[in-house]
Amino acid sequence: NAGVTQTPKFQVLKTGQSMTLQCAQDMNHEYMSWYRQDPGMGLRLIHYSVGAGITDQGEVPNGYNVSRSTTEDFPLRLLSAAPSQTSVYFCASSKGDLSGANVLTFGAGSRLTVL
Amino acid sequence: AQSVTQLDSHVSVSEGTPVLLRCNYSSSYSPSLFWYVQHPNKGLQLLLKYTSAATLVKGINGFEAEFKKSETSFHLTKPSAHMSDAAEYFCVVRNYGNNRLAFGKGNQVVVIP
């Protein structure tokens, strides 16, 4: 049982380049989300999805797009990378939504550097 | 909106001594609270959660936390630190308004042999 799988683990981009961070889960979780982690700031929610075909913005959505065409996959797209997007990105999923204290299962993270 | 405060961004403890990580929350409702641990270059893993059942919550690896409504606190403790406890710890509260999670800024724990 792989859980939440993120690829790539490391990526270096130049300003203005685009890329997609992949996230896949094999637990049949309805809820999926993307966070970014910056030193001294904890984790901040970028986008989330409560099911296939449904996405919504988190607290820091600017510069990122998402889609949810299947239950398993939730890719995060950077259309024109900026140095401010240098961060560690985590994908996380949960059975149901986050009500009732459902817990998140996290991927191992993707470290992105934008030069 | 709910929020959490974690003081002492870096905590050093000697192996075999107690660990105490402080978390204070703000919430208009009875909160759901969590502690997650992140080992170096890994994703976050749930340590324990409070969901209005017993106020003393036991988690994995010998950790526990006590919910104190009067103090709006949910401090994490462990009687005896082990080298494998070196990690970053996050206190998290669920926002009832939109079911989002609010993460604290984290405590980086260093265990001294």
# chains A, B, ... in the order shown; residues from 1 in each chain; ligands from 1

$ residues_around --residues "range 37-50 of chain B" --least-positions-apart "3" --cutoff "8 Å" --atoms "only C-alpha atoms" --output "PyMOL selection string"
(chain A and resi 90+101+103-109) or (chain B and resi 32-34+53-55+57-60+63-65+67+86-90)

$ interface_residues --of "chain A" --to "chain B" --cutoff "12 Å" --atoms "only C-alpha atoms" --output "ChimeraX atom specification"
/A:3-6,9-10,31-33,35-50,56-59,88-93,96-111

$ write_last_selection --atoms "C-alpha atoms" --output "PDB file, in the first residue's frame"
ATOM      1  CA  GLY A   3      -0.211   5.775   0.434  1.00  0.00           C
ATOM      2  CA  VAL A   4       0.454   9.213  -1.071  1.00  0.00           C
ATOM      3  CA  THR A   5       3.118   9.382  -3.773  1.00  0.00           C
ATOM      4  CA  GLN A   6       4.653  12.657  -4.930  1.00  0.00           C
ATOM      5  CA  LYS A   9      11.229  14.768  -5.093  1.00  0.00           C
ATOM      6  CA  PHE A  10      13.515  17.579  -6.237  1.00  0.00           C
ATOM      7  CA  TYR A  31     -10.182  14.709   0.021  1.00  0.00           C
ATOM      8  CA  MET A  32      -6.827  15.810  -1.423  1.00  0.00           C
ATOM      9  CA  SER A  33      -4.826  18.947  -0.833  1.00  0.00           C
ATOM     10  CA  TYR A  35       0.443  22.622   1.095  1.00  0.00           C
ATOM     11  CA  ARG A  36       3.638  24.571   0.939  1.00  0.00           C
ATOM     12  CA  GLN A  37       6.118  24.591   3.804  1.00  0.00           C
ATOM     13  CA  ASP A  38       8.429  27.534   4.332  1.00  0.00           C
ATOM     14  CA  PRO A  39      10.878  27.951   7.236  1.00  0.00           C
ATOM     15  CA  GLY A  40       9.223  29.324  10.360  1.00  0.00           C
ATOM     16  CA  MET A  41       5.782  29.478   8.738  1.00  0.00           C
ATOM     17  CA  GLY A  42       4.309  26.035   9.263  1.00  0.00           C
ATOM     18  CA  LEU A  43       2.224  24.626   6.405  1.00  0.00           C
ATOM     19  CA  ARG A  44      -0.075  26.767   4.292  1.00  0.00           C
ATOM     20  CA  LEU A  45      -2.919  25.418   2.175  1.00  0.00           C
ATOM     21  CA  ILE A  46      -2.653  26.135  -1.561  1.00  0.00           C
ATOM     22  CA  HIS A  47      -5.597  24.254  -3.104  1.00  0.00           C
ATOM     23  CA  TYR A  48      -7.806  21.369  -2.117  1.00  0.00           C
ATOM     24  CA  SER A  49     -10.393  19.025  -3.559  1.00  0.00           C
ATOM     25  CA  VAL A  50     -13.272  17.183  -1.899  1.00  0.00           C
ATOM     26  CA  ASP A  56     -11.214  25.079  -4.340  1.00  0.00           C
ATOM     27  CA  GLN A  57      -8.641  27.631  -3.272  1.00  0.00           C
ATOM     28  CA  GLY A  58      -6.786  27.598   0.005  1.00  0.00           C
ATOM     29  CA  GLU A  59      -5.029  30.508   1.673  1.00  0.00           C
ATOM     30  CA  VAL A  88       8.761  22.314  -0.100  1.00  0.00           C
ATOM     31  CA  TYR A  89       5.390  21.126  -1.339  1.00  0.00           C
ATOM     32  CA  PHE A  90       3.308  18.452   0.347  1.00  0.00           C
ATOM     33  CA  CYS A  91       0.325  16.614  -0.988  1.00  0.00           C
ATOM     34  CA  ALA A  92      -2.046  15.198   1.627  1.00  0.00           C
ATOM     35  CA  SER A  93      -5.250  13.188   1.479  1.00  0.00           C
ATOM     36  CA  GLY A  96     -14.044  12.141   3.600  1.00  0.00           C
ATOM     37  CA  ASP A  97     -13.595  15.846   4.267  1.00  0.00           C
ATOM     38  CA  LEU A  98     -11.820  17.232   7.333  1.00  0.00           C
ATOM     39  CA  SER A  99     -14.919  17.288   9.517  1.00  0.00           C
ATOM     40  CA  GLY A 100     -15.144  14.771  12.321  1.00  0.00           C
ATOM     41  CA  ALA A 101     -11.407  15.072  12.861  1.00  0.00           C
ATOM     42  CA  ASN A 102     -10.462  12.909   9.899  1.00  0.00           C
ATOM     43  CA  VAL A 103      -6.682  12.906   9.679  1.00  0.00           C
ATOM     44  CA  LEU A 104      -4.420  13.715   6.763  1.00  0.00           C
ATOM     45  CA  THR A 105      -1.980  11.283   5.188  1.00  0.00           C
ATOM     46  CA  PHE A 106       1.001  13.149   3.760  1.00  0.00           C
ATOM     47  CA  GLY A 107       3.331  12.428   0.897  1.00  0.00           C
ATOM     48  CA  ALA A 108       7.107  12.694   1.350  1.00  0.00           C
ATOM     49  CA  GLY A 109       7.296  16.139  -0.234  1.00  0.00           C
ATOM     50  CA  SER A 110       8.687  17.813  -3.345  1.00  0.00           C
ATOM     51  CA  ARG A 111      11.486  20.341  -2.934  1.00  0.00           C
TER      52      ARG A 111
END

$ residues_around --residues "Lys14 in chain A" --least-positions-apart "3" --cutoff "8 Å" --atoms "only C-alpha atoms" --output "PyMOL selection string"
chain A and resi 17+81-82+114-115

$ write_last_selection --atoms "N, CA, C and O atoms" --output "short mmCIF file (atom, residue, chain, number, x, y, z; two decimals), in the first residue's frame"
data_model
loop_
_atom_site.label_atom_id
_atom_site.label_comp_id
_atom_site.auth_asym_id
_atom_site.auth_seq_id
_atom_site.Cartn_x
_atom_site.Cartn_y
_atom_site.Cartn_z
N GLN A 17 9.54 29.44 -16.10
CA GLN A 17 9.26 28.10 -16.56
C GLN A 17 8.00 27.56 -15.90
O GLN A 17 7.58 28.02 -14.84
N ALA A 81 6.88 30.04 -13.11
CA ALA A 81 7.50 29.96 -11.80
C ALA A 81 8.19 31.27 -11.40
O ALA A 81 8.79 31.96 -12.25
N ALA A 82 8.11 31.58 -10.13
CA ALA A 82 8.76 32.77 -9.56
C ALA A 82 9.62 32.33 -8.36
O ALA A 82 9.31 31.32 -7.72
N VAL A 114 13.39 27.77 -7.42
CA VAL A 114 13.21 28.59 -8.62
C VAL A 114 14.32 29.65 -8.64
O VAL A 114 14.43 30.46 -7.71
N LEU A 115 15.13 29.61 -9.67
CA LEU A 115 16.27 30.53 -9.76
C LEU A 115 15.92 31.81 -10.51
O LEU A 115 15.00 31.81 -11.35
#

$ residues_around --residues "Thr72 in chain B" --least-positions-apart "2" --cutoff "12 Å" --atoms "only C-alpha atoms" --output "compact mmCIF listing (two decimals) with N, CA, C and O atoms, in the first residue's frame"
# COMPACT_ATOMS: atom_id res chain seq x y z
N GLN B 2 -9.88 29.89 13.71
CA GLN B 2 -9.04 29.26 14.71
C GLN B 2 -7.56 29.40 14.36
O GLN B 2 -7.19 29.49 13.19
N SER B 3 -6.71 29.41 15.39
CA SER B 3 -5.27 29.48 15.16
C SER B 3 -4.55 28.81 16.31
O SER B 3 -5.15 28.55 17.37
N VAL B 4 -3.27 28.50 16.11
CA VAL B 4 -2.46 27.93 17.18
C VAL B 4 -1.17 28.70 17.30
O VAL B 4 -0.66 29.25 16.31
N THR B 5 -0.64 28.72 18.52
CA THR B 5 0.65 29.36 18.79
C THR B 5 1.58 28.34 19.40
O THR B 5 1.25 27.70 20.41
N ARG B 22 4.88 23.23 23.92
CA ARG B 22 3.68 23.97 24.28
C ARG B 22 2.87 24.39 23.05
O ARG B 22 3.45 24.82 22.03
N CYS B 23 1.57 24.28 23.17
CA CYS B 23 0.66 24.71 22.10
C CYS B 23 -0.54 25.39 22.74
O CYS B 23 -1.20 24.81 23.61
N ASN B 24 -0.83 26.60 22.32
CA ASN B 24 -2.04 27.30 22.73
C ASN B 24 -2.88 27.58 21.50
O ASN B 24 -2.34 27.94 20.45
N TYR B 25 -4.17 27.43 21.63
CA TYR B 25 -5.04 27.59 20.48
C TYR B 25 -6.06 28.69 20.76
O TYR B 25 -6.31 29.05 21.91
N SER B 26 -6.62 29.20 19.70
CA SER B 26 -7.77 30.09 19.82
C SER B 26 -8.89 29.48 19.00
O SER B 26 -8.67 29.06 17.86
N SER B 27 -10.06 29.39 19.61
CA SER B 27 -11.19 28.78 18.93
C SER B 27 -12.49 29.23 19.59
O SER B 27 -12.55 29.27 20.82
N SER B 28 -13.48 29.52 18.80
CA SER B 28 -14.78 29.91 19.33
C SER B 28 -15.63 28.69 19.66
O SER B 28 -16.66 28.81 20.29
N TYR B 29 -15.20 27.54 19.21
CA TYR B 29 -15.98 26.33 19.40
C TYR B 29 -15.11 25.28 20.08
O TYR B 29 -13.92 25.47 20.27
N SER B 30 -15.72 24.16 20.45
CA SER B 30 -14.95 23.06 20.97
C SER B 30 -14.06 22.53 19.85
O SER B 30 -14.56 22.06 18.83
N PRO B 31 -12.77 22.62 20.00
CA PRO B 31 -11.89 22.37 18.86
C PRO B 31 -11.54 20.90 18.66
O PRO B 31 -11.66 20.08 19.57
N LEU B 33 -8.03 19.06 17.80
CA LEU B 33 -6.62 19.42 17.86
C LEU B 33 -5.76 18.22 17.53
O LEU B 33 -6.11 17.07 17.86
N GLU B 66 -2.42 16.80 26.74
CA GLU B 66 -3.58 17.05 27.58
C GLU B 66 -4.31 18.30 27.11
O GLU B 66 -3.70 19.36 26.96
N PHE B 67 -5.59 18.15 26.86
CA PHE B 67 -6.43 19.27 26.47
C PHE B 67 -6.91 19.98 27.73
O PHE B 67 -7.53 19.37 28.61
N LYS B 68 -6.62 21.29 27.83
CA LYS B 68 -7.09 22.09 28.96
C LYS B 68 -7.86 23.27 28.41
O LYS B 68 -7.27 24.27 27.95
N LYS B 69 -9.18 23.18 28.50
CA LYS B 69 -10.03 24.22 27.94
C LYS B 69 -9.81 25.56 28.65
O LYS B 69 -9.77 26.61 28.01
N SER B 70 -9.66 25.51 29.97
CA SER B 70 -9.53 26.76 30.74
C SER B 70 -8.25 27.51 30.36
O SER B 70 -8.19 28.74 30.48
N PHE B 74 -2.87 22.68 24.61
CA PHE B 74 -2.81 21.27 24.18
C PHE B 74 -1.33 20.91 24.08
O PHE B 74 -0.80 20.66 23.02
N HIS B 75 -0.66 20.89 25.25
CA HIS B 75 0.78 20.67 25.30
C HIS B 75 1.12 19.20 25.08
O HIS B 75 0.42 18.31 25.56
N VAL B 93 -4.98 22.91 14.56
CA VAL B 93 -6.38 23.02 14.98
C VAL B 93 -7.27 23.04 13.75
O VAL B 93 -6.89 23.56 12.71

$ select_by_dssp --residues "chain A" --states "strand (DSSP E or B)" --output "PyMOL selection string"
chain A and resi 4-7+10-13+19-25+31-37+43-51+54-57+64-66+73+76-78+87-94+105-106+110-114

$ select_by_dssp --residues "range 32-94 of chain B" --states "helix (DSSP H, G or I)" --output "list in words"
Ile60, Asn61, Gly62, Met83, Ser84 and Asp85 of chain B

$ atom_distance --atom1 "CA of His82 in chain B" --atom2 "CA of Ser52 in chain B"
29.6 Å

$ atom_distance --atom1 "CA of Ser80 in chain A" --atom2 "CA of Met19 in chain A"
8.2 Å

$ decode --residues "chain B" --atoms "C-alpha atoms" --output "PDB file, in the first residue's frame"
ATOM      1  CA  ALA B   1     -10.791  31.760  12.532  1.00  0.00           C
ATOM      2  CA  GLN B   2      -9.039  29.256  14.713  1.00  0.00           C
ATOM      3  CA  SER B   3      -5.269  29.477  15.160  1.00  0.00           C
ATOM      4  CA  VAL B   4      -2.457  27.926  17.177  1.00  0.00           C
ATOM      5  CA  THR B   5       0.647  29.360  18.793  1.00  0.00           C
ATOM      6  CA  GLN B   6       3.780  27.323  19.339  1.00  0.00           C
ATOM      7  CA  LEU B   7       6.504  29.085  21.255  1.00  0.00           C
ATOM      8  CA  ASP B   8      10.157  28.026  21.324  1.00  0.00           C
ATOM      9  CA  SER B   9      10.812  27.299  17.674  1.00  0.00           C
ATOM     10  CA  HIS B  10      13.924  25.301  18.693  1.00  0.00           C
ATOM     11  CA  VAL B  11      13.977  22.974  21.699  1.00  0.00           C
ATOM     12  CA  SER B  12      17.009  21.032  22.930  1.00  0.00           C
ATOM     13  CA  VAL B  13      16.609  18.129  25.337  1.00  0.00           C
ATOM     14  CA  SER B  14      19.043  15.575  26.695  1.00  0.00           C
ATOM     15  CA  GLU B  15      18.400  11.943  25.939  1.00  0.00           C
ATOM     16  CA  GLY B  16      16.407  10.376  28.754  1.00  0.00           C
ATOM     17  CA  THR B  17      14.917  13.665  30.017  1.00  0.00           C
ATOM     18  CA  PRO B  18      11.302  14.796  29.597  1.00  0.00           C
ATOM     19  CA  VAL B  19      10.045  16.560  26.491  1.00  0.00           C
ATOM     20  CA  LEU B  20       7.481  19.385  26.740  1.00  0.00           C
ATOM     21  CA  LEU B  21       6.211  21.229  23.669  1.00  0.00           C
ATOM     22  CA  ARG B  22       3.678  23.972  24.279  1.00  0.00           C
ATOM     23  CA  CYS B  23       0.664  24.707  22.103  1.00  0.00           C
ATOM     24  CA  ASN B  24      -2.043  27.297  22.729  1.00  0.00           C
ATOM     25  CA  TYR B  25      -5.037  27.590  20.479  1.00  0.00           C
ATOM     26  CA  SER B  26      -7.768  30.085  19.821  1.00  0.00           C
ATOM     27  CA  SER B  27     -11.195  28.776  18.927  1.00  0.00           C
ATOM     28  CA  SER B  28     -14.783  29.906  19.326  1.00  0.00           C
ATOM     29  CA  TYR B  29     -15.977  26.327  19.398  1.00  0.00           C
ATOM     30  CA  SER B  30     -14.946  23.060  20.974  1.00  0.00           C
ATOM     31  CA  PRO B  31     -11.886  22.372  18.855  1.00  0.00           C
ATOM     32  CA  SER B  32     -10.359  19.348  17.183  1.00  0.00           C
ATOM     33  CA  LEU B  33      -6.618  19.422  17.861  1.00  0.00           C
ATOM     34  CA  PHE B  34      -3.741  17.407  16.471  1.00  0.00           C
ATOM     35  CA  TRP B  35      -0.017  16.960  16.827  1.00  0.00           C
ATOM     36  CA  TYR B  36       1.968  15.915  13.763  1.00  0.00           C
ATOM     37  CA  VAL B  37       5.661  14.990  13.607  1.00  0.00           C
ATOM     38  CA  GLN B  38       7.996  15.487  10.662  1.00  0.00           C
ATOM     39  CA  HIS B  39      11.286  13.617  10.595  1.00  0.00           C
ATOM     40  CA  PRO B  40      14.061  14.999   8.370  1.00  0.00           C
ATOM     41  CA  ASN B  41      13.190  14.869   4.668  1.00  0.00           C
ATOM     42  CA  LYS B  42       9.903  13.079   5.379  1.00  0.00           C
ATOM     43  CA  GLY B  43       6.234  13.931   5.222  1.00  0.00           C
ATOM     44  CA  LEU B  44       4.170  14.691   8.313  1.00  0.00           C
ATOM     45  CA  GLN B  45       2.843  11.832  10.411  1.00  0.00           C
ATOM     46  CA  LEU B  46       0.001  11.990  12.934  1.00  0.00           C
ATOM     47  CA  LEU B  47       1.147  11.644  16.565  1.00  0.00           C
ATOM     48  CA  LEU B  48      -2.226  12.049  18.268  1.00  0.00           C
ATOM     49  CA  LYS B  49      -5.550  13.878  18.088  1.00  0.00           C
ATOM     50  CA  TYR B  50      -8.162  15.308  20.443  1.00  0.00           C
ATOM     51  CA  THR B  51     -11.818  15.258  19.414  1.00  0.00           C
ATOM     52  CA  SER B  52     -13.787  16.041  22.613  1.00  0.00           C
ATOM     53  CA  ALA B  53     -13.441  12.612  24.174  1.00  0.00           C
ATOM     54  CA  ALA B  54     -10.849  12.042  26.942  1.00  0.00           C
ATOM     55  CA  THR B  55      -8.820  15.157  27.727  1.00  0.00           C
ATOM     56  CA  LEU B  56      -5.599  13.157  28.093  1.00  0.00           C
ATOM     57  CA  VAL B  57      -4.724  11.732  24.705  1.00  0.00           C
ATOM     58  CA  LYS B  58      -2.102   9.081  24.158  1.00  0.00           C
ATOM     59  CA  GLY B  59      -0.262   8.852  20.870  1.00  0.00           C
ATOM     60  CA  ILE B  60       2.445   6.877  19.201  1.00  0.00           C
ATOM     61  CA  ASN B  61       6.040   6.512  20.428  1.00  0.00           C
ATOM     62  CA  GLY B  62       5.165   7.324  24.061  1.00  0.00           C
ATOM     63  CA  PHE B  63       3.850  10.836  23.427  1.00  0.00           C
ATOM     64  CA  GLU B  64       0.735  12.221  25.060  1.00  0.00           C
ATOM     65  CA  ALA B  65      -1.080  15.539  25.187  1.00  0.00           C
ATOM     66  CA  GLU B  66      -3.583  17.049  27.581  1.00  0.00           C
ATOM     67  CA  PHE B  67      -6.425  19.271  26.466  1.00  0.00           C
ATOM     68  CA  LYS B  68      -7.088  22.090  28.957  1.00  0.00           C
ATOM     69  CA  LYS B  69     -10.026  24.223  27.942  1.00  0.00           C
ATOM     70  CA  SER B  70      -9.528  26.763  30.737  1.00  0.00           C
ATOM     71  CA  GLU B  71      -5.988  27.410  29.521  1.00  0.00           C
ATOM     72  CA  THR B  72      -6.730  26.925  25.800  1.00  0.00           C
ATOM     73  CA  SER B  73      -3.733  24.624  25.689  1.00  0.00           C
ATOM     74  CA  PHE B  74      -2.807  21.274  24.178  1.00  0.00           C
ATOM     75  CA  HIS B  75       0.776  20.666  25.303  1.00  0.00           C
ATOM     76  CA  LEU B  76       2.697  17.626  24.080  1.00  0.00           C
ATOM     77  CA  THR B  77       4.823  15.611  26.497  1.00  0.00           C
ATOM     78  CA  LYS B  78       7.006  12.535  26.644  1.00  0.00           C
ATOM     79  CA  PRO B  79       8.596  11.268  29.869  1.00  0.00           C
ATOM     80  CA  SER B  80      11.948  10.297  28.390  1.00  0.00           C
ATOM     81  CA  ALA B  81      13.417  11.586  25.124  1.00  0.00           C
ATOM     82  CA  HIS B  82      15.016   9.199  22.668  1.00  0.00           C
ATOM     83  CA  MET B  83      17.425  10.074  19.880  1.00  0.00           C
ATOM     84  CA  SER B  84      14.758   9.079  17.361  1.00  0.00           C
ATOM     85  CA  ASP B  85      12.517  11.904  18.692  1.00  0.00           C
ATOM     86  CA  ALA B  86      14.674  14.479  16.921  1.00  0.00           C
ATOM     87  CA  ALA B  87      12.188  16.001  14.477  1.00  0.00           C
ATOM     88  CA  GLU B  88       9.875  18.944  13.904  1.00  0.00           C
ATOM     89  CA  TYR B  89       6.516  18.919  15.679  1.00  0.00           C
ATOM     90  CA  PHE B  90       3.408  20.777  14.556  1.00  0.00           C
ATOM     91  CA  CYS B  91       0.308  21.587  16.566  1.00  0.00           C
ATOM     92  CA  VAL B  92      -2.805  21.845  14.379  1.00  0.00           C
ATOM     93  CA  VAL B  93      -6.376  23.023  14.983  1.00  0.00           C
ATOM     94  CA  ARG B  94      -9.376  22.427  12.758  1.00  0.00           C
ATOM     95  CA  ASN B  95     -11.289  25.507  11.683  1.00  0.00           C
ATOM     96  CA  TYR B  96     -14.984  24.773  12.152  1.00  0.00           C
ATOM     97  CA  GLY B  97     -16.007  27.461   9.734  1.00  0.00           C
ATOM     98  CA  ASN B  98     -14.539  25.779   6.676  1.00  0.00           C
ATOM     99  CA  ASN B  99     -13.025  22.551   8.026  1.00  0.00           C
ATOM    100  CA  ARG B 100      -9.550  23.725   7.097  1.00  0.00           C
ATOM    101  CA  LEU B 101      -6.560  23.039   9.289  1.00  0.00           C
ATOM    102  CA  ALA B 102      -4.454  25.790  10.839  1.00  0.00           C
ATOM    103  CA  PHE B 103      -0.848  24.737  11.474  1.00  0.00           C
ATOM    104  CA  GLY B 104       1.436  26.177  14.092  1.00  0.00           C
ATOM    105  CA  LYS B 105       4.910  27.264  13.052  1.00  0.00           C
ATOM    106  CA  GLY B 106       6.499  24.153  14.505  1.00  0.00           C
ATOM    107  CA  ASN B 107       8.980  23.130  17.213  1.00  0.00           C
ATOM    108  CA  GLN B 108      12.337  21.810  16.016  1.00  0.00           C
ATOM    109  CA  VAL B 109      13.486  19.284  18.638  1.00  0.00           C
ATOM    110  CA  VAL B 110      17.148  18.382  19.029  1.00  0.00           C
ATOM    111  CA  VAL B 111      18.071  15.462  21.286  1.00  0.00           C
ATOM    112  CA  ILE B 112      21.506  15.664  22.884  1.00  0.00           C
ATOM    113  CA  PRO B 113      23.215  12.333  23.624  1.00  0.00           C
TER     114      PRO B 113
END
